[in-house]
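Containing TSV, C-alpha atoms: upload_9.tsv.
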chain	number	residue	atom	x	y	z
A	1	MET	CA	210.25	-106.74	-99.36
A	2	VAL	CA	212.53	-109.60	-98.26
A	3	SER	CA	211.58	-113.24	-98.73
A	4	GLY	CA	210.51	-113.78	-95.09
A	5	GLU	CA	208.26	-110.70	-95.19
A	6	ARG	CA	206.65	-111.86	-98.44
A	7	LYS	CA	205.88	-115.27	-96.88
A	8	SER	CA	204.42	-113.58	-93.79
A	9	ALA	CA	202.20	-111.33	-95.89
A	10	TYR	CA	201.02	-114.32	-97.95
A	11	ALA	CA	200.18	-116.28	-94.79
A	12	LEU	CA	198.18	-113.36	-93.38
A	13	SER	CA	196.32	-112.95	-96.68
A	14	SER	CA	195.46	-116.67	-96.75
A	15	ALA	CA	194.24	-116.56	-93.15
A	16	ASP	CA	192.10	-113.50	-93.92
A	17	ASN	CA	190.57	-115.21	-96.96
A	18	ALA	CA	189.79	-118.31	-94.91
A	19	LEU	CA	188.07	-116.22	-92.22
A	20	GLN	CA	186.07	-114.33	-94.85
A	21	LEU	CA	185.00	-117.65	-96.34
A	22	VAL	CA	183.83	-118.89	-92.93
A	23	LEU	CA	181.69	-115.73	-92.61
A	24	LEU	CA	180.22	-116.33	-96.08
A	25	LEU	CA	179.30	-119.89	-95.11
A	26	GLN	CA	177.52	-118.64	-92.00
A	27	GLU	CA	175.47	-116.20	-94.08
A	28	ARG	CA	174.38	-118.57	-96.87
A	29	GLN	CA	172.79	-121.99	-97.12
A	30	GLU	CA	175.25	-122.99	-99.84
A	31	ILE	CA	177.92	-121.45	-102.04
A	32	ARG	CA	179.72	-122.44	-105.25
A	33	LEU	CA	183.40	-122.33	-106.12
A	34	SER	CA	182.94	-119.51	-108.64
A	35	GLU	CA	181.04	-117.45	-106.04
A	36	VAL	CA	183.82	-117.90	-103.50
A	37	ALA	CA	186.41	-116.77	-106.04
A	38	ALA	CA	184.33	-113.71	-106.96
A	39	GLU	CA	183.55	-112.72	-103.36
A	40	LEU	CA	187.18	-113.01	-102.24
A	41	GLY	CA	188.69	-111.67	-105.45
A	42	VAL	CA	190.93	-114.69	-105.94
A	43	ALA	CA	191.52	-117.25	-108.68
A	44	ASN	CA	189.38	-120.40	-108.82
A	45	SER	CA	192.44	-122.49	-107.92
A	46	THR	CA	192.97	-120.44	-104.75
A	47	ALA	CA	189.29	-120.69	-103.84
A	48	HIS	CA	189.45	-124.46	-104.33
A	49	ARG	CA	192.47	-124.74	-101.98
A	50	LEU	CA	190.65	-122.73	-99.32
A	51	LEU	CA	187.53	-124.89	-99.58
A	52	ALA	CA	189.57	-128.10	-99.49
A	53	THR	CA	191.37	-126.93	-96.34
A	54	LEU	CA	188.09	-126.05	-94.60
A	55	ALA	CA	186.58	-129.38	-95.70
A	56	ARG	CA	189.43	-131.30	-94.02
A	57	ARG	CA	188.64	-129.52	-90.75
A	58	GLY	CA	184.89	-130.07	-90.97
A	59	PHE	CA	183.99	-126.42	-91.64
A	60	VAL	CA	182.47	-127.18	-95.05
A	61	VAL	CA	181.07	-130.16	-96.93
A	62	GLN	CA	180.48	-130.50	-100.66
A	63	GLU	CA	177.11	-131.65	-101.96
A	64	ARG	CA	176.69	-133.92	-104.96
A	65	SER	CA	175.60	-130.80	-106.86
A	66	ARG	CA	179.22	-129.59	-106.24
A	67	ALA	CA	177.92	-126.68	-104.15
A	68	TYR	CA	179.34	-126.25	-100.65
A	69	ARG	CA	177.47	-125.83	-97.37
A	70	ARG	CA	178.37	-125.35	-93.72
A	71	GLY	CA	180.03	-128.35	-92.14
A	72	PRO	CA	179.51	-129.74	-88.64
A	73	ALA	CA	182.31	-127.59	-87.19
A	74	LEU	CA	180.22	-124.46	-87.87
A	75	GLU	CA	177.01	-125.77	-86.35
A	76	PRO	CA	176.17	-124.33	-82.90
A	77	ARG	CA	176.63	-126.82	-80.12
A	78	ALA	CA	176.18	-126.84	-76.35
A	79	ARG	CA	178.23	-129.43	-74.52
A	80	PRO	CA	175.90	-131.70	-72.48
A	81	ALA	CA	176.56	-132.15	-68.78
A	82	ALA	CA	176.86	-135.90	-69.42
A	83	GLU	CA	179.97	-135.26	-71.50
A	84	PHE	CA	181.63	-133.42	-68.63
A	85	ASP	CA	180.94	-136.41	-66.38
A	86	LEU	CA	182.33	-138.80	-68.99
A	87	VAL	CA	185.52	-136.77	-69.40
A	88	LYS	CA	186.00	-136.66	-65.63
A	89	VAL	CA	185.54	-140.43	-65.23
A	90	ALA	CA	187.49	-141.43	-68.35
A	91	HIS	CA	190.51	-139.12	-67.98
A	92	PRO	CA	192.45	-141.29	-65.49
A	93	TYR	CA	192.04	-144.28	-67.83
A	94	LEU	CA	193.14	-142.15	-70.77
A	95	ALA	CA	196.25	-141.11	-68.82
A	96	ARG	CA	196.97	-144.71	-67.77
A	97	LEU	CA	196.69	-145.96	-71.34
A	98	SER	CA	198.93	-143.19	-72.67
A	99	ALA	CA	201.57	-144.05	-70.06
A	100	GLU	CA	201.40	-147.75	-70.96
A	101	VAL	CA	201.78	-147.35	-74.72
A	102	GLU	CA	203.69	-144.03	-74.72
A	103	GLU	CA	201.39	-142.67	-77.41
A	104	THR	CA	198.74	-139.96	-77.62
A	105	CYS	CA	195.25	-141.00	-76.49
A	106	HIS	CA	191.93	-139.26	-77.16
A	107	LEU	CA	188.36	-139.51	-75.91
A	108	VAL	CA	185.80	-138.86	-78.67
A	109	VAL	CA	182.04	-138.86	-79.22
A	110	LEU	CA	179.87	-139.02	-82.32
A	111	GLU	CA	178.33	-135.69	-83.26
A	112	GLY	CA	176.09	-136.06	-86.28
A	113	ASN	CA	178.35	-137.73	-88.84
A	114	GLY	CA	181.42	-136.16	-87.25
A	115	THR	CA	183.77	-137.16	-84.45
A	116	ARG	CA	184.19	-134.59	-81.66
A	117	PHE	CA	187.45	-134.83	-79.69
A	118	LEU	CA	186.68	-134.20	-76.01
A	119	ASP	CA	189.88	-134.96	-74.15
A	120	CYS	CA	193.51	-135.91	-74.77
A	121	VAL	CA	196.65	-137.10	-73.04
A	122	GLU	CA	199.69	-136.67	-75.28
A	123	GLY	CA	202.40	-139.32	-75.47
A	124	HIS	CA	206.03	-138.66	-74.63
A	125	GLN	CA	207.59	-139.81	-77.89
A	126	VAL	CA	209.68	-137.17	-79.66
A	127	LEU	CA	207.68	-137.86	-82.83
A	128	ARG	CA	204.11	-137.95	-81.57
A	129	VAL	CA	200.56	-137.04	-82.53
A	130	GLY	CA	199.39	-133.72	-81.07
A	131	SER	CA	196.15	-133.03	-79.25
A	132	ARG	CA	192.98	-132.63	-81.28
A	133	THR	CA	190.78	-131.63	-78.34
A	134	GLY	CA	187.81	-129.57	-79.51
A	135	MET	CA	188.16	-130.55	-83.16
A	136	LEU	CA	185.34	-132.10	-85.20
A	137	LEU	CA	186.41	-134.43	-88.03
A	138	PRO	CA	184.35	-136.57	-90.44
A	139	ALA	CA	183.60	-139.79	-88.54
A	140	HIS	CA	184.39	-142.11	-91.46
A	141	THR	CA	188.00	-140.87	-91.62
A	142	ASN	CA	189.15	-141.77	-88.10
A	143	SER	CA	189.30	-144.87	-85.92
A	144	GLY	CA	187.10	-143.60	-83.10
A	145	GLY	CA	184.43	-142.47	-85.53
A	146	LYS	CA	184.47	-145.85	-87.29
A	147	ALA	CA	184.20	-147.65	-83.95
A	148	LEU	CA	181.08	-145.65	-83.09
A	149	LEU	CA	179.50	-145.79	-86.56
A	150	ALA	CA	179.92	-149.58	-86.45
A	151	GLN	CA	177.56	-149.72	-83.45
A	152	LEU	CA	174.68	-147.99	-85.27
A	153	THR	CA	171.77	-149.74	-86.90
A	154	GLU	CA	171.49	-149.63	-90.68
A	155	ALA	CA	168.65	-147.10	-90.38
A	156	GLU	CA	170.70	-144.86	-88.09
A	157	LEU	CA	173.70	-145.02	-90.42
A	158	THR	CA	171.60	-144.18	-93.49
A	159	ALA	CA	170.02	-141.23	-91.67
A	160	LEU	CA	173.48	-139.75	-91.03
A	161	TYR	CA	174.37	-139.78	-94.73
A	162	PRO	CA	171.22	-138.89	-96.70
A	163	ARG	CA	173.35	-137.50	-99.56
A	164	GLY	CA	176.18	-140.00	-99.33
A	165	LEU	CA	179.56	-139.40	-97.69
A	166	PRO	CA	180.89	-135.83	-97.43
A	167	GLN	CA	183.90	-135.13	-99.60
A	168	SER	CA	187.21	-135.86	-97.89
A	169	ARG	CA	190.77	-136.88	-98.74
A	170	ASN	CA	190.01	-140.40	-97.48
A	171	ARG	CA	190.22	-142.57	-100.60
A	172	ALA	CA	189.91	-145.82	-98.63
A	173	VAL	CA	186.30	-145.04	-97.67
A	174	SER	CA	184.82	-142.97	-100.46
A	175	ASP	CA	181.15	-143.99	-100.57
A	176	LEU	CA	178.49	-145.69	-98.43
A	177	ALA	CA	179.23	-149.14	-99.88
A	178	SER	CA	182.90	-148.97	-98.90
A	179	LEU	CA	181.94	-147.49	-95.51
A	180	ARG	CA	179.62	-150.42	-94.80
A	181	ARG	CA	182.42	-152.86	-95.64
A	182	GLU	CA	184.81	-150.98	-93.37
A	183	LEU	CA	182.29	-150.97	-90.51
A	184	ALA	CA	181.67	-154.70	-90.89
A	185	ALA	CA	185.43	-155.29	-90.55
A	186	THR	CA	185.49	-152.96	-87.53
A	187	ARG	CA	182.76	-154.99	-85.79
A	188	ARG	CA	184.59	-158.27	-86.48
A	189	ARG	CA	187.91	-157.13	-85.01
A	190	GLY	CA	186.33	-155.04	-82.22
A	191	TYR	CA	188.03	-151.73	-83.01
A	192	GLY	CA	188.42	-149.21	-85.81
A	193	ILE	CA	191.63	-148.53	-87.70
A	194	ASN	CA	192.84	-145.36	-89.40
A	195	ARG	CA	196.04	-145.24	-91.45
A	196	ASP	CA	196.74	-141.79	-92.92
A	197	GLU	CA	193.03	-141.19	-93.48
A	198	SER	CA	192.25	-138.26	-91.19
A	199	ALA	CA	195.73	-136.76	-91.52
A	200	ARG	CA	198.85	-137.78	-93.40
A	201	GLY	CA	201.39	-139.41	-91.09
A	202	VAL	CA	198.87	-140.43	-88.41
A	203	SER	CA	197.69	-143.97	-87.68
A	204	ALA	CA	195.26	-144.90	-84.91
A	205	VAL	CA	193.05	-147.54	-83.35
A	206	GLY	CA	189.70	-146.73	-81.68
A	207	ARG	CA	187.38	-148.75	-79.45
A	208	HIS	CA	183.78	-147.84	-78.53
A	209	ILE	CA	182.80	-147.37	-74.87
A	210	ARG	CA	179.45	-148.64	-73.59
A	211	ASP	CA	177.63	-147.01	-70.68
A	212	SER	CA	175.66	-148.82	-67.97
A	213	THR	CA	172.73	-149.33	-70.36
A	214	GLY	CA	174.92	-151.00	-72.97
A	215	LYS	CA	174.79	-148.05	-75.37
A	216	ALA	CA	178.00	-147.02	-77.17
A	217	THR	CA	178.31	-143.39	-76.10
A	218	ALA	CA	181.99	-142.59	-76.77
A	219	ALA	CA	185.24	-144.08	-78.00
A	220	MET	CA	188.83	-144.15	-76.83
A	221	VAL	CA	191.61	-143.76	-79.39
A	222	VAL	CA	195.35	-144.39	-79.46
A	223	ALA	CA	197.16	-142.43	-82.18
A	224	ALA	CA	200.76	-142.86	-83.32
A	225	ALA	CA	203.06	-141.64	-86.07
A	226	THR	CA	202.61	-143.82	-89.16
A	227	ALA	CA	206.38	-143.82	-89.67
A	228	ARG	CA	206.81	-146.29	-86.79
A	229	CYS	CA	203.33	-147.82	-86.76
A	230	THR	CA	203.79	-151.36	-88.10
A	231	ARG	CA	200.94	-153.85	-88.26
A	232	GLY	CA	202.38	-155.49	-85.15
A	233	LEU	CA	202.42	-152.21	-83.23
A	234	LEU	CA	198.81	-151.46	-84.21
A	235	THR	CA	197.76	-154.86	-82.87
A	236	LYS	CA	199.66	-154.22	-79.62
A	237	LEU	CA	198.09	-150.78	-79.23
A	238	ALA	CA	194.63	-152.25	-79.86
A	239	ARG	CA	195.15	-154.89	-77.17
A	240	HIS	CA	196.07	-152.29	-74.54
A	241	LEU	CA	193.19	-150.09	-75.73
A	242	CYS	CA	190.56	-152.82	-75.43
A	243	ASP	CA	191.78	-153.81	-71.95
A	244	THR	CA	191.58	-150.19	-70.78
A	245	VAL	CA	188.08	-149.70	-72.20
A	246	THR	CA	186.92	-152.89	-70.46
A	247	ASP	CA	188.16	-151.53	-67.14
A	248	LEU	CA	186.47	-148.17	-67.77
A	249	GLU	CA	183.17	-149.83	-68.67
A	250	THR	CA	183.26	-151.73	-65.39
A	251	GLN	CA	183.32	-148.40	-63.54
A	252	LEU	CA	180.63	-146.89	-65.77

Now, as a test, write the supplied structure out as structure tokens.
Amino acid sequence: MVSGERKSAYALSSADNALQLVLLLQERQEIRLSEVAAELGVANSTAHRLLATLARRGFVVQERSRAYRRGPALEPRARPAAEFDLVKVAHPYLARLSAEVEETCHLVVLEGNGTRFLDCVEGHQVLRVGSRTGMLLPAHTNSGGKALLAQLTEAELTALYPRGLPQSRNRAVSDLASLRRELAATRRRGYGINRDESARGVSAVGRHIRDSTGKATAAMVVAAATARCTRGLLTKLARHLCDTVTDLETQL
């Protein structure tokens, strides 16, 4: 077998193992690393890589007991009609903002302790952030999630994390104490910031959106490649973002 064929076979095997692991998670309340390795017939190191990959995408979360359970991405969900209305109303503003800053813009909502990406307008930069529409990521790892978590009461925040923060690659916010500090900073500046926390090479700013009752129901996000995202650019993006959200809230 030539090198390219070997790589292709390895990729297919990895994909098959990941799909089998998703099925196992749907069948069981929780599963341990050694059980994953035994069920799939792979080494513990391979099982750990698979679990870490699924954790980054919200398919699995690790408990303090070190066992794994289904993550928010595997929980059944019906999309409320209100979200369709919000996407319809917000999309022109999302497109306007993307045209102004030439970066990728997302509309997100809080779903449990995750951030669901509802809509996207991609920027036109050669090096740009791609669409995440439909994805569910841990809220504490991205700017839109932080913006929305910052609007919760202490009781609401605690209820979302009864066992502490789910395991993620985000070292900046690793426990509830550091999350509270981050959310306090988010409230002071008026928007959330993410630098390489949800994905390596991606920086973003996110601002919450209030409906006609004053409730923060969604957030708008501008995401850019970290390679060109200086502190000055982040501030500029945040200024355009906040102005756009203000205009959208006036319509809402």

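Nearest to Leu179 (chain A) of all the residues A:His208, A:Arg163, A:His140, A:Arg96 is A:His140, counting only C-alpha atoms.
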
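The two atoms in question, CA of Ser13 (chain A) and CA of His48 (chain A), are spaced 15.4 Å apart.
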
Considering all atoms listed in the file, can you say which of A:Leu234, A:Leu54, A:Leu165, A:Cys242 comes closest to Leu97 (chain A)?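 Once distances to Leu97 (chain A) are computed over all atoms listed in the file, the minimum belongs to A:Cys242.
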
Give me, please, the distance in Å between CA of Gly130 (chain A) and CA of Gln151 (chain A), quoted to one decimal.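 So the answer is 27.2 Å.
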
Could you check how far CA of Phe59 (chain A) sits from CA of Pro166 (chain A), in Å to one decimal? 11.5 Å

Who sits within 10 Å of Arg210 (chain A), all atoms listed in the file, same chain under 3 positions skipped, as a ChimeraX atom specification: /A:207,213-219,245-246,248-250,252

For region 239-241 of chain A, work out the shell of residues within 8 Å, counting all atoms listed in the file and skipping chain neighbours fewer than 2 positions away, then give it as a ChimeraX atom specification. /A:97,100-101,206-207,220-222,235-237,243-245

From the options A:Arg57, A:Leu51, A:Tyr68, A:Leu118, which residue's atoms come nearest to Asp85 (chain A), counting only C-alpha atoms? A:Leu118

Within 9 Å of Gly134 (chain A), counting all atoms listed in the file, which residues show up once you throw out same-chain ones fewer than 6 positions away? Write them as an MDAnalysis selection string, please. chainID A and resid 116:119

With all atoms listed in the file counted, which protein, DNA or RNA residues have an atom no more than 8 Å from (180.3, -143.7, -84.0) in the file frame? Please answer as a VMD selection string. chain A and resid 109 to 110 113 115 139 144 to 152 208 216 218 to 219

Selected residues written out with C-alpha atoms, as an mmCIF file, in the frame of the given file:
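Listed below is the output, out32.cif:
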data_model
loop_
_atom_site.group_PDB
_atom_site.id
_atom_site.type_symbol
_atom_site.label_atom_id
_atom_site.label_comp_id
_atom_site.auth_asym_id
_atom_site.auth_seq_id
_atom_site.Cartn_x
_atom_site.Cartn_y
_atom_site.Cartn_z
ATOM 1 C CA VAL A 109 182.040 -138.860 -79.220
ATOM 2 C CA LEU A 110 179.870 -139.020 -82.320
ATOM 3 C CA ASN A 113 178.350 -137.730 -88.840
ATOM 4 C CA THR A 115 183.770 -137.160 -84.450
ATOM 5 C CA ALA A 139 183.600 -139.790 -88.540
ATOM 6 C CA GLY A 144 187.100 -143.600 -83.100
ATOM 7 C CA GLY A 145 184.430 -142.470 -85.530
ATOM 8 C CA LYS A 146 184.470 -145.850 -87.290
ATOM 9 C CA ALA A 147 184.200 -147.650 -83.950
ATOM 10 C CA LEU A 148 181.080 -145.650 -83.090
ATOM 11 C CA LEU A 149 179.500 -145.790 -86.560
ATOM 12 C CA ALA A 150 179.920 -149.580 -86.450
ATOM 13 C CA GLN A 151 177.560 -149.720 -83.450
ATOM 14 C CA LEU A 152 174.680 -147.990 -85.270
ATOM 15 C CA HIS A 208 183.780 -147.840 -78.530
ATOM 16 C CA ALA A 216 178.000 -147.020 -77.170
ATOM 17 C CA ALA A 218 181.990 -142.590 -76.770
ATOM 18 C CA ALA A 219 185.240 -144.080 -78.000
#

Of the listed residues A:Ala67, A:Asp247, A:Val129, A:Arg228, that which approaches Pro92 (chain A) most closely, counting all atoms listed in the file: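 When distances to Pro92 (chain A) are compared using all atoms listed in the file, the smallest one comes from A:Asp247.
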
In file coordinates, which residues lie within 12 Å of (208.5, -140.3, -75.7) using all atoms listed in the file, given as a PyMOL selection string? chain A and resi 98-104+122-129+224-225

Shell around region 22-34 of chain A at 12 Å using all atoms listed in the file, local window under 3 positions removed, as an NGL selection string: :A and (15-19 or 37-55 or 57-76)
